[in-house]
>>> print(open('input-v5.tsv').read())   # TSV, N, CA and C atoms
chain	number	residue	atom	x	y	z
A	1	MET	N	45.05	36.90	-136.77
A	1	MET	CA	44.33	36.70	-135.53
A	1	MET	C	42.83	36.59	-135.78
A	2	ARG	N	42.32	37.36	-136.75
A	2	ARG	CA	40.88	37.30	-136.98
A	2	ARG	C	40.46	35.96	-137.57
A	3	TYR	N	41.36	35.29	-138.28
A	3	TYR	CA	41.04	33.97	-138.80
A	3	TYR	C	40.96	32.94	-137.67
A	4	ILE	N	41.86	33.03	-136.73
A	4	ILE	CA	41.84	32.11	-135.59
A	4	ILE	C	40.58	32.31	-134.77
A	5	MET	N	40.22	33.55	-134.50
A	5	MET	CA	39.01	33.82	-133.72
A	5	MET	C	37.75	33.41	-134.49
A	6	THR	N	37.76	33.57	-135.79
A	6	THR	CA	36.62	33.13	-136.60
A	6	THR	C	36.44	31.63	-136.50
A	7	ILE	N	37.53	30.89	-136.60
A	7	ILE	CA	37.45	29.44	-136.51
A	7	ILE	C	37.04	29.02	-135.10
A	8	PHE	N	37.56	29.69	-134.09
A	8	PHE	CA	37.21	29.38	-132.70
A	8	PHE	C	35.72	29.58	-132.44
A	9	TRP	N	35.19	30.75	-132.82
A	9	TRP	CA	33.77	31.01	-132.59
A	9	TRP	C	32.88	30.16	-133.49
A	10	SER	N	33.33	29.86	-134.68
A	10	SER	CA	32.57	28.96	-135.54
A	10	SER	C	32.46	27.58	-134.91
A	11	PHE	N	33.55	27.12	-134.30
A	11	PHE	CA	33.51	25.82	-133.64
A	11	PHE	C	32.55	25.83	-132.46
A	12	LEU	N	32.63	26.87	-131.64
A	12	LEU	CA	31.74	26.92	-130.48
A	12	LEU	C	30.27	26.96	-130.89
A	13	LEU	N	29.95	27.78	-131.87
A	13	LEU	CA	28.57	27.89	-132.33
A	13	LEU	C	28.09	26.62	-133.01
A	14	SER	N	28.94	26.03	-133.83
A	14	SER	CA	28.52	24.81	-134.53
A	14	SER	C	28.40	23.63	-133.56
A	15	ALA	N	29.23	23.58	-132.54
A	15	ALA	CA	29.11	22.52	-131.54
A	15	ALA	C	27.79	22.66	-130.78
A	16	ALA	N	27.42	23.89	-130.43
A	16	ALA	CA	26.16	24.11	-129.73
A	16	ALA	C	24.98	23.74	-130.61
A	17	VAL	N	25.00	24.15	-131.87
A	17	VAL	CA	23.91	23.83	-132.79
A	17	VAL	C	23.83	22.33	-133.02
A	18	SER	N	24.96	21.70	-133.21
A	18	SER	CA	24.98	20.26	-133.44
A	18	SER	C	24.47	19.49	-132.22
A	19	TYR	N	24.85	19.93	-131.04
A	19	TYR	CA	24.40	19.29	-129.81
A	19	TYR	C	22.88	19.41	-129.64
A	20	VAL	N	22.36	20.60	-129.84
A	20	VAL	CA	20.92	20.81	-129.68
A	20	VAL	C	20.13	20.01	-130.70
A	21	LEU	N	20.55	20.04	-131.95
A	21	LEU	CA	19.82	19.31	-132.98
A	21	LEU	C	19.90	17.80	-132.79
A	22	SER	N	21.05	17.30	-132.37
A	22	SER	CA	21.15	15.86	-132.13
A	22	SER	C	20.33	15.45	-130.91
A	23	SER	N	20.27	16.29	-129.90
A	23	SER	CA	19.44	15.99	-128.73
A	23	SER	C	17.96	15.99	-129.09
A	24	MET	N	17.55	16.93	-129.90
A	24	MET	CA	16.15	16.99	-130.31
A	24	MET	C	15.77	15.79	-131.17
A	25	GLY	N	16.70	15.28	-131.93
A	25	GLY	CA	16.44	14.13	-132.79
A	25	GLY	C	16.65	12.79	-132.11
A	26	GLY	N	17.14	12.81	-130.88
A	26	GLY	CA	17.38	11.57	-130.16
A	26	GLY	C	18.60	10.82	-130.65
A	27	GLU	N	19.49	11.48	-131.34
A	27	GLU	CA	20.72	10.88	-131.87
A	27	GLU	C	21.89	11.20	-130.94
A	28	PRO	N	22.95	10.42	-130.98
A	28	PRO	CA	24.14	10.75	-130.18
A	28	PRO	C	24.88	11.95	-130.77
A	29	PHE	N	25.51	12.73	-129.90
A	29	PHE	CA	26.30	13.88	-130.34
A	29	PHE	C	27.61	13.39	-130.91
A	30	LEU	N	27.91	13.79	-132.14
A	30	LEU	CA	29.16	13.43	-132.80
A	30	LEU	C	29.96	14.70	-133.08
A	31	ILE	N	31.18	14.73	-132.60
A	31	ILE	CA	32.03	15.91	-132.78
A	31	ILE	C	32.38	16.11	-134.24
A	32	GLN	N	32.37	15.05	-135.04
A	32	GLN	CA	32.68	15.17	-136.46
A	32	GLN	C	31.67	16.08	-137.16
A	33	ASN	N	30.41	15.99	-136.78
A	33	ASN	CA	29.40	16.86	-137.37
A	33	ASN	C	29.67	18.32	-137.03
A	34	ALA	N	30.11	18.57	-135.80
A	34	ALA	CA	30.43	19.94	-135.40
A	34	ALA	C	31.64	20.46	-136.17
A	35	ILE	N	32.61	19.62	-136.42
A	35	ILE	CA	33.80	20.04	-137.16
A	35	ILE	C	33.45	20.34	-138.62
A	36	ILE	N	32.60	19.51	-139.22
A	36	ILE	CA	32.17	19.76	-140.60
A	36	ILE	C	31.42	21.08	-140.68
A	37	LEU	N	30.53	21.33	-139.71
A	37	LEU	CA	29.79	22.59	-139.68
A	37	LEU	C	30.71	23.77	-139.44
A	38	THR	N	31.77	23.58	-138.65
A	38	THR	CA	32.76	24.63	-138.41
A	38	THR	C	33.45	25.02	-139.72
A	39	VAL	N	33.84	24.04	-140.50
A	39	VAL	CA	34.50	24.33	-141.78
A	39	VAL	C	33.56	25.11	-142.70
A	40	ILE	N	32.30	24.70	-142.76
A	40	ILE	CA	31.33	25.39	-143.61
A	40	ILE	C	31.12	26.82	-143.14
A	41	PHE	N	30.90	27.02	-141.83
A	41	PHE	CA	30.71	28.36	-141.28
A	41	PHE	C	31.93	29.24	-141.56
A	42	SER	N	33.13	28.70	-141.35
A	42	SER	CA	34.35	29.49	-141.53
A	42	SER	C	34.52	29.91	-142.99
A	43	ILE	N	34.29	29.00	-143.92
A	43	ILE	CA	34.42	29.35	-145.34
A	43	ILE	C	33.42	30.43	-145.73
A	44	VAL	N	32.19	30.30	-145.26
A	44	VAL	CA	31.17	31.31	-145.57
A	44	VAL	C	31.57	32.68	-145.00
A	45	VAL	N	32.04	32.70	-143.77
A	45	VAL	CA	32.45	33.97	-143.16
A	45	VAL	C	33.65	34.57	-143.88
A	46	PHE	N	34.62	33.74	-144.26
A	46	PHE	CA	35.79	34.26	-144.98
A	46	PHE	C	35.39	34.83	-146.33
A	47	VAL	N	34.53	34.15	-147.04
A	47	VAL	CA	34.09	34.62	-148.37
A	47	VAL	C	33.31	35.92	-148.23
A	48	LEU	N	32.40	35.97	-147.26
A	48	LEU	CA	31.61	37.19	-147.08
A	48	LEU	C	32.48	38.35	-146.61
A	49	GLY	N	33.38	38.09	-145.67
A	49	GLY	CA	34.19	39.16	-145.10
A	49	GLY	C	35.24	39.70	-146.04
A	50	GLU	N	35.84	38.85	-146.83
A	50	GLU	CA	36.94	39.29	-147.70
A	50	GLU	C	36.47	39.67	-149.11
A	51	GLY	N	35.33	39.19	-149.52
A	51	GLY	CA	34.94	39.43	-150.90
A	51	GLY	C	33.66	40.23	-151.04
A	52	ILE	N	32.57	39.65	-150.66
A	52	ILE	CA	31.27	40.22	-150.97
A	52	ILE	C	30.97	41.46	-150.13
A	53	LEU	N	31.27	41.46	-148.85
A	53	LEU	CA	30.91	42.57	-147.97
A	53	LEU	C	32.06	43.55	-147.74
A	54	LYS	N	33.10	43.48	-148.54
A	54	LYS	CA	34.24	44.37	-148.38
A	54	LYS	C	33.85	45.81	-148.72
A	55	GLU	N	34.23	46.73	-147.86
A	55	GLU	CA	33.92	48.13	-148.10
A	55	GLU	C	34.78	48.68	-149.23
A	56	LYS	N	34.18	49.52	-150.03
A	56	LYS	CA	34.92	50.14	-151.11
A	56	LYS	C	35.59	51.42	-150.59
A	57	THR	N	36.88	51.53	-150.81
A	57	THR	CA	37.61	52.73	-150.41
A	57	THR	C	37.97	53.50	-151.67
A	58	GLU	N	37.66	54.75	-151.65
A	58	GLU	CA	37.93	55.58	-152.82
A	58	GLU	C	38.83	56.72	-152.51
>>> encode(input="input-v5.tsv", output="structure tokens")
Amino acid sequence: MRYIMTIFWSFLLSAAVSYVLSSMGGEPFLIQNAIILTVIFSIVVFVLGEGILKEKTE
């Protein structure tokens, strides 16, 4: 479930960022850019959550 929610929120945030940046640049909004950013955000969150920031249990 946490993977689904991570992808969902990554999509919402990346779509908002992509929309704002494309509007500021005077370019048309392309959903493909938001999807690419979603994949990047999700991979970074998965790597950080499962590997680097994992709590050590002793």
>>> atom_distance(input="input-v5.tsv", atom1="CA of Tyr19 in chain A", atom2="CA of Ile4 in chain A")
22.4 Å
>>> closest_residue(input="input-v5.tsv", among="A:Val47, A:Phe29, A:Leu53, A:Val39", to="Trp9 in chain A", atoms="only C-alpha atoms")
A:Val39
>>> select_by_dssp(input="input-v5.tsv", residues="chain A", states="alpha helix (DSSP H)", output="PyMOL selection string")
chain A and resi 2-25+31-47
>>> atom_distance(input="input-v5.tsv", atom1="atom C of Phe11 in chain A", atom2="CA of Ile31 in chain A")
9.9 Å
>>> closest_residue(input="input-v5.tsv", among="A:Gly49, A:Thr6, A:Ser14, A:Met1", to="Leu37 in chain A", atoms="only N, CA and C atoms")
A:Ser14
>>> closest_residue(input="input-v5.tsv", among="A:Ser23, A:Ser18, A:Gln32, A:Ser10", to="Val44 in chain A", atoms="only C-alpha atoms")
A:Ser10
>>> atom_distance(input="input-v5.tsv", atom1="CA of Leu13 in chain A", atom2="atom C of Ile35 in chain A")
11.0 Å
>>> residues_around(input="input-v5.tsv", residues="Ala34 in chain A", least_positions_apart="4", cutoff="5 Å", atoms="only N, CA and C atoms", output="list of chain:residue names")
A:Ser14, A:Ala15, A:Leu30, A:Thr38
